[in-house]
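Only one structure is covered here, and it is reproduced in the block below.
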Amino acid sequence: MAEIPTRADAHRAEPPPIARLTLSAETPYLAAALGFVRETAGLLGLAVEEATGLVHVVEQVGLNVIARAFEPGRGATFDVVLRRRPGEVVVAVEDQGLPFDFENLERAAASGAGAFGPEVDAVRFENLGDRGNRVEIVKRLVFQHVESYLADSEKTPAAPAAPAALDRPVTLRLATADDAVAVARCTYSTYGYTAPDRELYFPDRLRELLDSGLLQACVGTSDDGEVVSYLALELDRPGARVGNVGEAMVDPRYRGHGLFEKMKAFLRDHAAVSGMLGMYSEAITVHQFSQKGNIALGACETGIQLGDEAPTVVFKQIEEEAQRKRTATVLYYLRTREGQARIAYPPAHHEPIIRRIYEHGRFPRELRAPDPAPEAPDLPASSQLRVEVFPEWSEASITVTAYGRDLPVRVRERLRALCLQRIDWIGVDLPLSHPGAREMCASLEALGFFFAGVIPELAGDGDVLRLQYLNDIDADLESAQIASDFGKELFAYVVGAMEGEGTR
């Protein structure tokens, strides 16, 4: 059965690798390669401790490949690939052996060593079928913190500034690399040091991302040229058809000026001109400001993620008591161009709510059940997955790139490893354009996943069904402020799904 096209198949345009080392699958050669990685990471700008942490994780992955991926005496090889991407150093371990053995991760977690954690910023596992396996370890480069750009007087907590007059003009435009320092200053004015995206505090990293095309953003500038608002649009690759609306912030002095709505409308128009189909976003529920802004622009609610927002984020001049637990976010999708009609195969027990989502958002979708068959579903034996881990946020995502009969087993293996690594929130994305979504959903829910929502056009040929898993954390339901009636309907459904009410 053909592989399902997803955003994983359209990798960002890669720069040529700095090096590709093909190694015999023997430990001494890995040690030599690790020395090269350590030295090169230092040349690229990683401090000694960052390079050491990166090499430690690469070593664990390499040893796993040597010990577990190949049959004894096969004379196999694997590759270590070193790349410099915008703002980060990336080391990939590629092989054509057995899929990654997650039992090693479990043993490392049990021993307290930790297979991935604060030493690195992201780890991505991809099982590519007959194309082998790829594990990618990401470490952000060390850049100067925004503090080095602030005067001493700016670092001292001050009394809240007086609100700007409502008629004071703010000009919206696309951000350029030259705005990086000003955006970092705005970040400090808005969040202090608790912003969820660390890159906002490092102007040089932000500059690289803006230059690369992987980050596009709208900034609002006051009449004296100060950046007082910011809204990011993140792309998996330059030219992507769907973008993720990321960090949004408005200087406390300019709240109440409608800047969030204006910036998102600006990005909507920019995305339409660029040929994008839409933008999706996750709106926090500790307040309703961003939800109302999305609704005012015509964005529609497509799901609820419980416990998705980490408790470290604190907004200045917003009640802090409700911000201390992991809280819910609302998924929104804003159409920027008319998309084509799609066929979707929703799981039977979720079909009514998925139909409601499509009707509410006016998405042209034909909902189908797989053709009836007297035997087991016609799926290949092996599934293909991509796993992305973000230790800083204690989150992970699992994306199905090809359905196979072993999908529940594969997901269970990865889920166990992630739980032992104390990852709080774990999502699974199932492409809805394939009958496998309908056939496999219940078996994943039996592992503890439950309904989160639908994200239109996120897969290469259609939508994804998102499930979620809470790893031994209590979802903070009481603090959730939901802005619309349909949002409240979705919230009630997702809470019911978490509690197992009539969803299987």
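Chain lettering (A, B, ...) mirrors the order of the structure tokens, residue numbering begins at 1 for each chain separately, and ligand numbering begins at 1 in order of display.
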
Legend entry - DSSP helix (DSSP H, G or I) selection over stretch 257-399 of chain A, as a PyMOL selection string: chain A and resi 259-273+289-296+321-323+348-361+391-393

Inset, instruction - Determine which residues of stretch 84-305 of chain A receive a DSSP assignment of strand (DSSP E), computed from the backbone, and state them as an NGL selection string. - result: :A and (84-85 or 88-95 or 122-127 or 133-140 or 170-174 or 215-222 or 227-234 or 242-250 or 278-284 or 300-305)

Legend entry - Near-stretch 302-308 of chain A list (7 Å; only C-alpha atoms; drop same-chain fewer than 2 positions) as a PyMOL selection string: chain A and resi 300+310+326-333+357+425+452-455+475-476+490-491+494

Inset, instruction - Please provide the set of residues having any atom within 12 Å of A:Tyr29, restricted to only C-alpha atoms, with same-chain residues fewer than 3 positions apart removed, written as a list in words. - result: Leu21, Thr22, Leu23, Ser24, Ala25, Glu26, Ala32, Ala33, Leu34, Gly35, Phe36, Glu59, Gly62, Leu63, Ile66, Thr77, Phe78, Asp79 and Val80 of chain A

Please, could you write that set of residues out with N, CA, C and O atoms as a PDB file, in the first residue's frame?
ATOM      1  N   LEU A  21      29.254  10.879   7.448  1.00  0.00           N
ATOM      2  CA  LEU A  21      30.217   9.842   7.777  1.00  0.00           C
ATOM      3  C   LEU A  21      29.532   8.487   7.675  1.00  0.00           C
ATOM      4  O   LEU A  21      28.524   8.246   8.355  1.00  0.00           O
ATOM      5  N   THR A  22      30.025   7.618   6.821  1.00  0.00           N
ATOM      6  CA  THR A  22      29.510   6.263   6.722  1.00  0.00           C
ATOM      7  C   THR A  22      30.414   5.357   7.539  1.00  0.00           C
ATOM      8  O   THR A  22      31.620   5.240   7.266  1.00  0.00           O
ATOM      9  N   LEU A  23      29.828   4.729   8.572  1.00  0.00           N
ATOM     10  CA  LEU A  23      30.612   3.982   9.552  1.00  0.00           C
ATOM     11  C   LEU A  23      30.250   2.509   9.515  1.00  0.00           C
ATOM     12  O   LEU A  23      29.071   2.143   9.366  1.00  0.00           O
ATOM     13  N   SER A  24      31.248   1.675   9.680  1.00  0.00           N
ATOM     14  CA  SER A  24      30.975   0.279   9.968  1.00  0.00           C
ATOM     15  C   SER A  24      30.285   0.205  11.327  1.00  0.00           C
ATOM     16  O   SER A  24      30.602   0.959  12.247  1.00  0.00           O
ATOM     17  N   ALA A  25      29.312  -0.682  11.442  1.00  0.00           N
ATOM     18  CA  ALA A  25      28.503  -0.760  12.669  1.00  0.00           C
ATOM     19  C   ALA A  25      29.296  -1.418  13.795  1.00  0.00           C
ATOM     20  O   ALA A  25      28.963  -2.505  14.292  1.00  0.00           O
ATOM     21  N   GLU A  26      30.349  -0.742  14.207  1.00  0.00           N
ATOM     22  CA  GLU A  26      31.217  -1.206  15.287  1.00  0.00           C
ATOM     23  C   GLU A  26      31.518  -0.024  16.204  1.00  0.00           C
ATOM     24  O   GLU A  26      31.735   1.104  15.743  1.00  0.00           O
ATOM     25  N   ALA A  32      35.167   7.433  17.195  1.00  0.00           N
ATOM     26  CA  ALA A  32      35.923   8.380  16.370  1.00  0.00           C
ATOM     27  C   ALA A  32      34.995   9.423  15.754  1.00  0.00           C
ATOM     28  O   ALA A  32      35.319  10.615  15.703  1.00  0.00           O
ATOM     29  N   ALA A  33      33.827   8.983  15.302  1.00  0.00           N
ATOM     30  CA  ALA A  33      32.869   9.920  14.702  1.00  0.00           C
ATOM     31  C   ALA A  33      32.357  10.921  15.727  1.00  0.00           C
ATOM     32  O   ALA A  33      32.155  12.101  15.418  1.00  0.00           O
ATOM     33  N   LEU A  34      32.162  10.470  16.962  1.00  0.00           N
ATOM     34  CA  LEU A  34      31.690  11.378  18.005  1.00  0.00           C
ATOM     35  C   LEU A  34      32.714  12.475  18.284  1.00  0.00           C
ATOM     36  O   LEU A  34      32.344  13.621  18.567  1.00  0.00           O
ATOM     37  N   GLY A  35      33.981  12.137  18.196  1.00  0.00           N
ATOM     38  CA  GLY A  35      35.003  13.168  18.352  1.00  0.00           C
ATOM     39  C   GLY A  35      34.900  14.220  17.274  1.00  0.00           C
ATOM     40  O   GLY A  35      35.028  15.424  17.544  1.00  0.00           O
ATOM     41  N   PHE A  36      34.635  13.797  16.044  1.00  0.00           N
ATOM     42  CA  PHE A  36      34.452  14.749  14.947  1.00  0.00           C
ATOM     43  C   PHE A  36      33.226  15.635  15.191  1.00  0.00           C
ATOM     44  O   PHE A  36      33.268  16.847  14.991  1.00  0.00           O
ATOM     45  N   GLU A  59      25.567   9.508  20.833  1.00  0.00           N
ATOM     46  CA  GLU A  59      26.209   8.243  21.215  1.00  0.00           C
ATOM     47  C   GLU A  59      25.170   7.190  21.575  1.00  0.00           C
ATOM     48  O   GLU A  59      25.274   6.025  21.158  1.00  0.00           O
ATOM     49  N   GLY A  62      23.572   6.006  18.379  1.00  0.00           N
ATOM     50  CA  GLY A  62      24.493   5.181  17.608  1.00  0.00           C
ATOM     51  C   GLY A  62      24.700   3.808  18.215  1.00  0.00           C
ATOM     52  O   GLY A  62      24.721   2.785  17.501  1.00  0.00           O
ATOM     53  N   LEU A  63      24.860   3.744  19.521  1.00  0.00           N
ATOM     54  CA  LEU A  63      25.029   2.447  20.182  1.00  0.00           C
ATOM     55  C   LEU A  63      23.788   1.579  20.017  1.00  0.00           C
ATOM     56  O   LEU A  63      23.889   0.349  19.877  1.00  0.00           O
ATOM     57  N   ILE A  66      24.021   0.107  16.529  1.00  0.00           N
ATOM     58  CA  ILE A  66      25.032  -0.945  16.454  1.00  0.00           C
ATOM     59  C   ILE A  66      24.550  -2.231  17.126  1.00  0.00           C
ATOM     60  O   ILE A  66      24.727  -3.342  16.610  1.00  0.00           O
ATOM     61  N   THR A  77      26.573  -1.040   7.720  1.00  0.00           N
ATOM     62  CA  THR A  77      27.049   0.322   7.946  1.00  0.00           C
ATOM     63  C   THR A  77      25.875   1.224   8.296  1.00  0.00           C
ATOM     64  O   THR A  77      24.712   0.890   8.039  1.00  0.00           O
ATOM     65  N   PHE A  78      26.179   2.369   8.884  1.00  0.00           N
ATOM     66  CA  PHE A  78      25.177   3.406   9.110  1.00  0.00           C
ATOM     67  C   PHE A  78      25.860   4.753   8.929  1.00  0.00           C
ATOM     68  O   PHE A  78      27.085   4.847   8.882  1.00  0.00           O
ATOM     69  N   ASP A  79      25.049   5.806   8.793  1.00  0.00           N
ATOM     70  CA  ASP A  79      25.569   7.140   8.517  1.00  0.00           C
ATOM     71  C   ASP A  79      25.326   8.066   9.687  1.00  0.00           C
ATOM     72  O   ASP A  79      24.279   7.998  10.351  1.00  0.00           O
ATOM     73  N   VAL A  80      26.283   8.957   9.931  1.00  0.00           N
ATOM     74  CA  VAL A  80      26.120  10.081  10.852  1.00  0.00           C
ATOM     75  C   VAL A  80      26.237  11.343   9.998  1.00  0.00           C
ATOM     76  O   VAL A  80      27.251  11.549   9.326  1.00  0.00           O
TER      77      VAL A  80
END

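Using only C-alpha atoms, the protein and nucleic acid residues lying no more than 7 Å from A:Thr190, apart from those fewer than 2 places from it along its own chain, are Cys186, Thr187, Tyr188, Gly192, Met249, Val250, Asp251, Pro252, Phe315 and Lys316 of chain A.
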
Legend entry - Within 6 Å of stretch 231-233 of chain A using only C-alpha atoms, minus same-chain residues under 3 positions, as number ranges by chain: A: 215-218, 244-248

If you keep all heavy atoms, can you produce a file of those selected residues as a PDB file, in the first residue's frame?
ATOM      1  N   LEU A 215      10.296  31.128   9.150  1.00  0.00           N
ATOM      2  CA  LEU A 215       9.525  31.984  10.041  1.00  0.00           C
ATOM      3  C   LEU A 215       9.155  33.254   9.294  1.00  0.00           C
ATOM      4  O   LEU A 215      10.022  33.933   8.731  1.00  0.00           O
ATOM      5  CB  LEU A 215      10.332  32.342  11.293  1.00  0.00           C
ATOM      6  CG  LEU A 215       9.681  33.338  12.259  1.00  0.00           C
ATOM      7  CD1 LEU A 215       8.421  32.739  12.876  1.00  0.00           C
ATOM      8  CD2 LEU A 215      10.655  33.755  13.350  1.00  0.00           C
ATOM      9  N   GLN A 216       7.868  33.539   9.244  1.00  0.00           N
ATOM     10  CA  GLN A 216       7.369  34.815   8.752  1.00  0.00           C
ATOM     11  C   GLN A 216       6.595  35.449   9.896  1.00  0.00           C
ATOM     12  O   GLN A 216       6.048  34.744  10.744  1.00  0.00           O
ATOM     13  CB  GLN A 216       6.486  34.611   7.526  1.00  0.00           C
ATOM     14  CG  GLN A 216       7.232  33.938   6.373  1.00  0.00           C
ATOM     15  CD  GLN A 216       6.342  33.604   5.193  1.00  0.00           C
ATOM     16  OE1 GLN A 216       5.244  34.124   5.064  1.00  0.00           O
ATOM     17  NE2 GLN A 216       6.818  32.715   4.331  1.00  0.00           N
ATOM     18  N   ALA A 217       6.563  36.741   9.956  1.00  0.00           N
ATOM     19  CA  ALA A 217       5.935  37.376  11.110  1.00  0.00           C
ATOM     20  C   ALA A 217       5.429  38.749  10.740  1.00  0.00           C
ATOM     21  O   ALA A 217       5.938  39.409   9.826  1.00  0.00           O
ATOM     22  CB  ALA A 217       6.931  37.484  12.267  1.00  0.00           C
ATOM     23  N   CYS A 218       4.420  39.167  11.489  1.00  0.00           N
ATOM     24  CA  CYS A 218       3.910  40.536  11.407  1.00  0.00           C
ATOM     25  C   CYS A 218       4.348  41.264  12.671  1.00  0.00           C
ATOM     26  O   CYS A 218       4.246  40.720  13.778  1.00  0.00           O
ATOM     27  CB  CYS A 218       2.390  40.525  11.311  1.00  0.00           C
ATOM     28  SG  CYS A 218       1.623  42.165  11.411  1.00  0.00           S
ATOM     29  N   ASN A 244       1.580  27.367  10.752  1.00  0.00           N
ATOM     30  CA  ASN A 244       1.145  27.369  12.144  1.00  0.00           C
ATOM     31  C   ASN A 244       1.340  28.769  12.715  1.00  0.00           C
ATOM     32  O   ASN A 244       2.467  29.279  12.740  1.00  0.00           O
ATOM     33  CB  ASN A 244       1.960  26.359  12.945  1.00  0.00           C
ATOM     34  CG  ASN A 244       1.621  26.382  14.424  1.00  0.00           C
ATOM     35  OD1 ASN A 244       0.535  26.782  14.810  1.00  0.00           O
ATOM     36  ND2 ASN A 244       2.556  25.969  15.251  1.00  0.00           N
ATOM     37  N   VAL A 245       0.259  29.385  13.138  1.00  0.00           N
ATOM     38  CA  VAL A 245       0.367  30.689  13.790  1.00  0.00           C
ATOM     39  C   VAL A 245       0.941  30.449  15.171  1.00  0.00           C
ATOM     40  O   VAL A 245       0.318  29.810  16.022  1.00  0.00           O
ATOM     41  CB  VAL A 245      -0.994  31.395  13.871  1.00  0.00           C
ATOM     42  CG1 VAL A 245      -0.849  32.724  14.597  1.00  0.00           C
ATOM     43  CG2 VAL A 245      -1.562  31.612  12.472  1.00  0.00           C
ATOM     44  N   GLY A 246       2.155  30.929  15.385  1.00  0.00           N
ATOM     45  CA  GLY A 246       2.861  30.654  16.619  1.00  0.00           C
ATOM     46  C   GLY A 246       2.680  31.746  17.649  1.00  0.00           C
ATOM     47  O   GLY A 246       1.558  32.193  17.933  1.00  0.00           O
ATOM     48  N   GLU A 247       3.797  32.222  18.173  1.00  0.00           N
ATOM     49  CA  GLU A 247       3.757  33.161  19.284  1.00  0.00           C
ATOM     50  C   GLU A 247       3.090  34.478  18.896  1.00  0.00           C
ATOM     51  O   GLU A 247       3.370  35.060  17.847  1.00  0.00           O
ATOM     52  CB  GLU A 247       5.174  33.429  19.778  1.00  0.00           C
ATOM     53  CG  GLU A 247       5.225  34.186  21.077  1.00  0.00           C
ATOM     54  CD  GLU A 247       4.466  33.441  22.170  1.00  0.00           C
ATOM     55  OE1 GLU A 247       4.724  32.251  22.380  1.00  0.00           O
ATOM     56  OE2 GLU A 247       3.608  34.076  22.797  1.00  0.00           O
ATOM     57  N   ALA A 248       2.189  34.933  19.747  1.00  0.00           N
ATOM     58  CA  ALA A 248       1.548  36.242  19.585  1.00  0.00           C
ATOM     59  C   ALA A 248       1.796  37.043  20.845  1.00  0.00           C
ATOM     60  O   ALA A 248       1.702  36.510  21.958  1.00  0.00           O
ATOM     61  CB  ALA A 248       0.043  36.091  19.360  1.00  0.00           C
TER      62      ALA A 248
END

Inset, instruction - Have a look at atom CA of A:Ile473 and atom CA of A:Arg412 and let me know their distance in Å, one decimal. - result: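 Interatomic distance, atom CA of A:Ile473 to atom CA of A:Arg412: 18.6 Å.
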
Inset, instruction - Might you pull out every residue within 10 Å of stretch 379-391 of chain A, with only C-alpha atoms counted and same-chain residues fewer than 6 positions away left off, and present them as a PyMOL selection string? - result: chain A and resi 1-4+8+99+116-130+133-138+397-411+414-415+418+421-424+426-429+435-436

Inset, instruction - Choose the residue, out of A:Pro456, A:Tyr254, A:Glu445, A:Ala369, that has the smallest atom-to-atom separation from A:Ala341; count only C-alpha atoms. - result: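 That would be A:Pro456, the residue with the smallest distance to A:Ala341.
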
Legend entry - Computed interatomic separation between atom CA of A:Leu420 and atom CA of A:Leu447 (Å): 14.9 Å

Inset, instruction - Calculate how many Å separate atom CA of A:Tyr193 from atom CA of A:Val142, rounding to one decimal. - result: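 That distance, rounded to one decimal, is 16.9 Å.
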
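For the choices A:Gly462, A:Leu166, A:Glu282, A:Lys325, the atom-to-atom distance to A:Arg365 is smallest for A:Gly462 when using only C-alpha atoms.
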
Inset, instruction - Determine the nearest neighbour of A:Asp485 from the options A:Ala19, A:Val228, A:Ala195, A:Ile295, counting only C-alpha atoms. - result: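 Result for the nearest residue to A:Asp485: A:Ile295.
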
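Nearest residue to A:Leu141, choosing from A:Ile482, A:Val181, A:Val57, A:Val48 and counting only C-alpha atoms: A:Val48.
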